[in-house]
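Before any comments, here is the structure.
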Amino acid sequence: MINIRPELPGDEEAIWQVNEAAFGRAAEADLVDVLRRRNVITLSLVAEREGEIVGHILFTPVTITDEAGGVVTAVALGPMAVSPACQREGIGSQLVQTGITMLRQAGHEIVIVLGHPEFYPRFGFEPASRSGIRWEIEVPDEVFMALALQPGALAGVTGVVRYQPEFTGV
Ligand SMILES: CC(C)(COP(=O)(O)OP(=O)(O)OC[C@H]1O[C@@H](n2cnc3c(N)ncnc32)[C@H](O)[C@@H]1OP(=O)(O)O)[C@@H](O)C(=O)NCCC(=O)NCCS
């Protein structure tokens with residue numbers, strides 16, 4: 001039985017461990033800590049199994065700037081991580097689904113993700129390039145994706161996505 005819930009004070013260490021184990025390095029785990037310290041987290045959810053944190057997903061604010069300098073705010077998914085021993089059991093999917101639902105309910109309009117092209121489309125993500133949205137850094141079309149949380153939210157939104165500066169180099 002998996003319980004998905006918002007991060008609470010005291011979860012920090014377990015979240016760090018899950019990220020470090022899933023990515024096999026500390027960079028993403030440290031990034032989560034820095035973003036938390038700077039208070040630039042839109043939503044942070046954990047997956048618990050028998051009281052133990054086995055998964056984590058983070059959403060942070062980004063901007064999408066068009067050629068005329070117009071700015072739209074959106075939310076980026078990532079990093080997300082599931083403990084290696086618990087992967088491929090649907091926990092990651094539950095984290096994404098719950099995150100999307102909560103963001104939609106909170107009135108957010110667009111989610112961006114840079115990630116596995118075989119994983120995120122099942123939640124409705126499409127290549128962001130289809131909407132004329134791209135990342136600052138050139139990446140293969142299919143790995144940079146966008147999802148409209150509200151009907152028509154992507155219509156007319158074009159431009160360059162900028163993450164929080166702490167993501168640079170991770
Ligand atoms: C990606 C991740 C969060 C998915 O969590 P999960 O609980 O295993 O996900 P689910 O069981 O809900 O779904 C499994 C799907 O994830 C994808 N997936 C899992 N591991 C993957 C990997 N190493 N590479 C690519 N895709 C992977 C597959 O599409 C898989 O689908 P399938 O089982 O139909 O083939 C987890 O594998 C993980 O922590 N990976 C290491 C860290 C990472 O890459 N994070 C994401 C950065 S974008």
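In the structure tokens, chains take the letters A, B, ... in the order shown, each chain's residues start at 1, and ligands count up from 1 in the order shown.
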Please identify all polymer residues within 6 Å of Thr60 of chain A, counting only C-alpha atoms, omitting same-chain residues fewer than 2 positions from it, and present them as an MDAnalysis selection string. chainID A and resid 41:42 75:76
Using only C-alpha atoms, determine which residues lie at most 12 Å from Gln17 of chain A, disregarding the query and same-chain residues fewer than 6 positions distant; provide the list as a list in words.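 The residues that qualify are Asp11, Phe23, Gly24, Arg25, Ala26, Ala27, Glu28, Ala29, Asp30, Val32, Asp33, Glu52, Ile53, Val54, Gly55, His56, Ala81, Val82, Ser83 and Pro84 of chain A.
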Keeping C-alpha atoms, export the residues of the selection given above as an mmCIF file, in the first residue's frame.
```cif
data_model
loop_
_atom_site.group_PDB
_atom_site.id
_atom_site.type_symbol
_atom_site.label_atom_id
_atom_site.label_comp_id
_atom_site.auth_asym_id
_atom_site.auth_seq_id
_atom_site.Cartn_x
_atom_site.Cartn_y
_atom_site.Cartn_z
ATOM 1 C CA ASP A 11 11.324 14.269 5.698
ATOM 2 C CA PHE A 23 20.312 8.861 -9.441
ATOM 3 C CA GLY A 24 23.466 7.196 -8.089
ATOM 4 C CA ARG A 25 24.965 10.552 -7.183
ATOM 5 C CA ALA A 26 24.298 13.466 -4.841
ATOM 6 C CA ALA A 27 23.639 16.259 -7.377
ATOM 7 C CA GLU A 28 19.835 15.936 -7.555
ATOM 8 C CA ALA A 29 19.506 15.292 -3.808
ATOM 9 C CA ASP A 30 21.561 18.409 -3.054
ATOM 10 C CA VAL A 32 16.321 19.575 -3.706
ATOM 11 C CA ASP A 33 17.908 20.800 -0.465
ATOM 12 C CA GLU A 52 9.140 4.572 4.895
ATOM 13 C CA ILE A 53 9.755 7.150 2.160
ATOM 14 C CA VAL A 54 10.451 5.253 -1.085
ATOM 15 C CA GLY A 55 9.731 7.967 -3.653
ATOM 16 C CA HIS A 56 9.809 11.717 -4.163
ATOM 17 C CA ALA A 81 13.044 9.541 -7.817
ATOM 18 C CA VAL A 82 11.948 6.116 -6.640
ATOM 19 C CA SER A 83 14.220 3.886 -4.546
ATOM 20 C CA PRO A 84 15.922 1.384 -6.863
#
```
List as a ChimeraX atom specification the protein and nucleic acid residues lying within 8 Å of ligand 1, with only C-alpha atoms and all ligand atoms counted. /A:19,22-23,55,78-84,86-94,113-120
DSSP alpha helix (DSSP H) residues within segment 28-119 of chain A, as a list in words: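 Answer for segment 28-119 of chain A restricted to alpha helix (DSSP H) is Glu28, Ala29, Asp30, Leu31, Val32, Asp33, Val34, Leu35, Arg36, Arg37, Ile91, Gly92, Ser93, Gln94, Leu95, Val96, Gln97, Thr98, Gly99, Ile100, Thr101, Met102, Leu103, Arg104 and Gln105 of chain A.
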When distances are computed from only C-alpha atoms, which of A:Gly70, A:Pro6, A:Gly51, A:Gly107 shows the smallest separation from Leu149 of chain A?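 Once distances to Leu149 of chain A are computed over only C-alpha atoms, the minimum belongs to A:Gly107.
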Between atom CA of Gly124 of chain A and atom CA of Ala146 of chain A, measure the distance and give it in Å to one decimal.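 Distance between the two atoms: 8.4 Å.
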What is the distance between atom CA of Ile133 of chain A and atom CA of Phe59 of chain A, in Å to one decimal? 18.3 Å
Find the residues near Gln150 of chain A: any atom within 6 Å, counting only C-alpha atoms, skip ones fewer than 2 places away on the same chain, and give them as a list of chain:residue names. A:Glu109, A:Ala148, A:Ala153
Go through A:Val139, A:Tyr163, A:Gln105, A:Leu147 one by one, measure the shortest atom-to-atom distance of each to Pro121 of chain A using only C-alpha atoms, and give the residue with the smallest value.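 The answer is A:Leu147, which sits nearest to Pro121 of chain A.
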Mind checking which residues fall within 7 Å of Gly132 of chain A, counting only C-alpha atoms, ignoring those fewer than 2 positions away in the same chain, and posting them as a PyMOL selection string? chain A and resi 128-130+134+158-159
Please produce an output containing C-alpha atoms for each residue in the selection, written as a short mmCIF file (atom, residue, chain, number, x, y, z; two decimals), in the first residue's frame.
```cif
data_model
loop_
_atom_site.label_atom_id
_atom_site.label_comp_id
_atom_site.auth_asym_id
_atom_site.auth_seq_id
_atom_site.Cartn_x
_atom_site.Cartn_y
_atom_site.Cartn_z
CA ALA A 128 6.99 21.09 -26.00
CA SER A 129 8.22 22.01 -29.46
CA ARG A 130 4.69 21.33 -30.75
CA ARG A 134 11.78 25.17 -25.98
CA THR A 158 5.58 30.09 -26.97
CA GLY A 159 9.14 30.82 -26.00
#
```
Could you pull out the residues in segment 25-168 of chain A that DSSP calls strand (DSSP E or B) from the backbone, as a ChimeraX atom specification? /A:43-49,52-65,71-82,110-114,126-127,133-135,144-148,159-162
Prev. selection, C-alpha atoms, output as a PDB file, in the first residue's frame:
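The result, written out as part14.pdb:
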```
ATOM      1  CA  LEU A  43       5.007  21.218  -4.629  1.00  0.00           C
ATOM      2  CA  SER A  44       7.014  18.403  -3.042  1.00  0.00           C
ATOM      3  CA  LEU A  45       5.380  14.989  -2.598  1.00  0.00           C
ATOM      4  CA  VAL A  46       6.660  11.777  -1.064  1.00  0.00           C
ATOM      5  CA  ALA A  47       5.573   8.174  -1.555  1.00  0.00           C
ATOM      6  CA  GLU A  48       5.460   6.171   1.656  1.00  0.00           C
ATOM      7  CA  ARG A  49       5.346   2.432   2.059  1.00  0.00           C
ATOM      8  CA  GLU A  52       9.140   4.572   4.895  1.00  0.00           C
ATOM      9  CA  ILE A  53       9.755   7.150   2.160  1.00  0.00           C
ATOM     10  CA  VAL A  54      10.451   5.253  -1.085  1.00  0.00           C
ATOM     11  CA  GLY A  55       9.731   7.967  -3.653  1.00  0.00           C
ATOM     12  CA  HIS A  56       9.809  11.717  -4.163  1.00  0.00           C
ATOM     13  CA  ILE A  57       8.711  14.265  -6.762  1.00  0.00           C
ATOM     14  CA  LEU A  58       9.418  17.960  -6.927  1.00  0.00           C
ATOM     15  CA  PHE A  59       7.778  20.798  -8.865  1.00  0.00           C
ATOM     16  CA  THR A  60       9.393  24.238  -9.155  1.00  0.00           C
ATOM     17  CA  PRO A  61       8.399  27.544 -10.770  1.00  0.00           C
ATOM     18  CA  VAL A  62       9.704  28.331 -14.269  1.00  0.00           C
ATOM     19  CA  THR A  63       9.133  31.117 -16.741  1.00  0.00           C
ATOM     20  CA  ILE A  64       8.358  30.917 -20.454  1.00  0.00           C
ATOM     21  CA  THR A  65       9.503  34.054 -22.261  1.00  0.00           C
ATOM     22  CA  VAL A  71       6.435  36.099 -19.685  1.00  0.00           C
ATOM     23  CA  VAL A  72       4.160  33.237 -18.669  1.00  0.00           C
ATOM     24  CA  THR A  73       4.786  31.314 -15.469  1.00  0.00           C
ATOM     25  CA  ALA A  74       4.631  27.532 -15.393  1.00  0.00           C
ATOM     26  CA  VAL A  75       5.764  24.634 -13.237  1.00  0.00           C
ATOM     27  CA  ALA A  76       8.583  22.192 -13.951  1.00  0.00           C
ATOM     28  CA  LEU A  77       8.485  18.559 -12.832  1.00  0.00           C
ATOM     29  CA  GLY A  78      11.754  17.272 -11.438  1.00  0.00           C
ATOM     30  CA  PRO A  79      13.755  15.838 -10.040  1.00  0.00           C
ATOM     31  CA  MET A  80      11.715  12.755  -9.269  1.00  0.00           C
ATOM     32  CA  ALA A  81      13.044   9.541  -7.817  1.00  0.00           C
ATOM     33  CA  VAL A  82      11.948   6.116  -6.640  1.00  0.00           C
ATOM     34  CA  ILE A 110       1.270  24.311 -17.549  1.00  0.00           C
ATOM     35  CA  VAL A 111       3.765  21.639 -16.461  1.00  0.00           C
ATOM     36  CA  ILE A 112       7.133  21.205 -18.197  1.00  0.00           C
ATOM     37  CA  VAL A 113       9.407  18.190 -17.916  1.00  0.00           C
ATOM     38  CA  LEU A 114      12.829  17.219 -19.207  1.00  0.00           C
ATOM     39  CA  GLU A 126       3.731  16.070 -25.465  1.00  0.00           C
ATOM     40  CA  PRO A 127       6.924  17.430 -27.006  1.00  0.00           C
ATOM     41  CA  ILE A 133       8.104  26.028 -26.349  1.00  0.00           C
ATOM     42  CA  ARG A 134      11.777  25.171 -25.983  1.00  0.00           C
ATOM     43  CA  TRP A 135      14.457  24.955 -23.337  1.00  0.00           C
ATOM     44  CA  PHE A 144      11.452  18.216 -23.431  1.00  0.00           C
ATOM     45  CA  MET A 145       7.707  17.991 -22.859  1.00  0.00           C
ATOM     46  CA  ALA A 146       4.732  20.083 -21.808  1.00  0.00           C
ATOM     47  CA  LEU A 147       1.304  19.344 -20.366  1.00  0.00           C
ATOM     48  CA  ALA A 148      -1.712  21.670 -20.249  1.00  0.00           C
ATOM     49  CA  GLY A 159       9.140  30.817 -26.002  1.00  0.00           C
ATOM     50  CA  VAL A 160      12.079  29.790 -23.893  1.00  0.00           C
ATOM     51  CA  VAL A 161      11.723  28.000 -20.560  1.00  0.00           C
ATOM     52  CA  ARG A 162      13.961  29.119 -17.726  1.00  0.00           C
TER      53      ARG A 162
END
```
Figure out the distance between atom CA of Leu103 of chain A and atom CA of Glu50 of chain A, please, to one decimal in Å.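 So the two atoms, atom CA of Glu50 of chain A and atom CA of Leu103 of chain A, lie 25.9 Å apart.
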When you count only C-alpha atoms, which of these residues is closest to Val157 of chain A: A:Asp66, A:Phe125, A:Thr98, A:Ile137?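 Residue with the minimum atom-to-atom distance to Val157 of chain A: A:Asp66.
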Nearest to Gly156 of chain A among A:Glu12, A:Ser131, A:Thr101, A:Gly69, with distances taken over only C-alpha atoms: which residue is it? A:Ser131
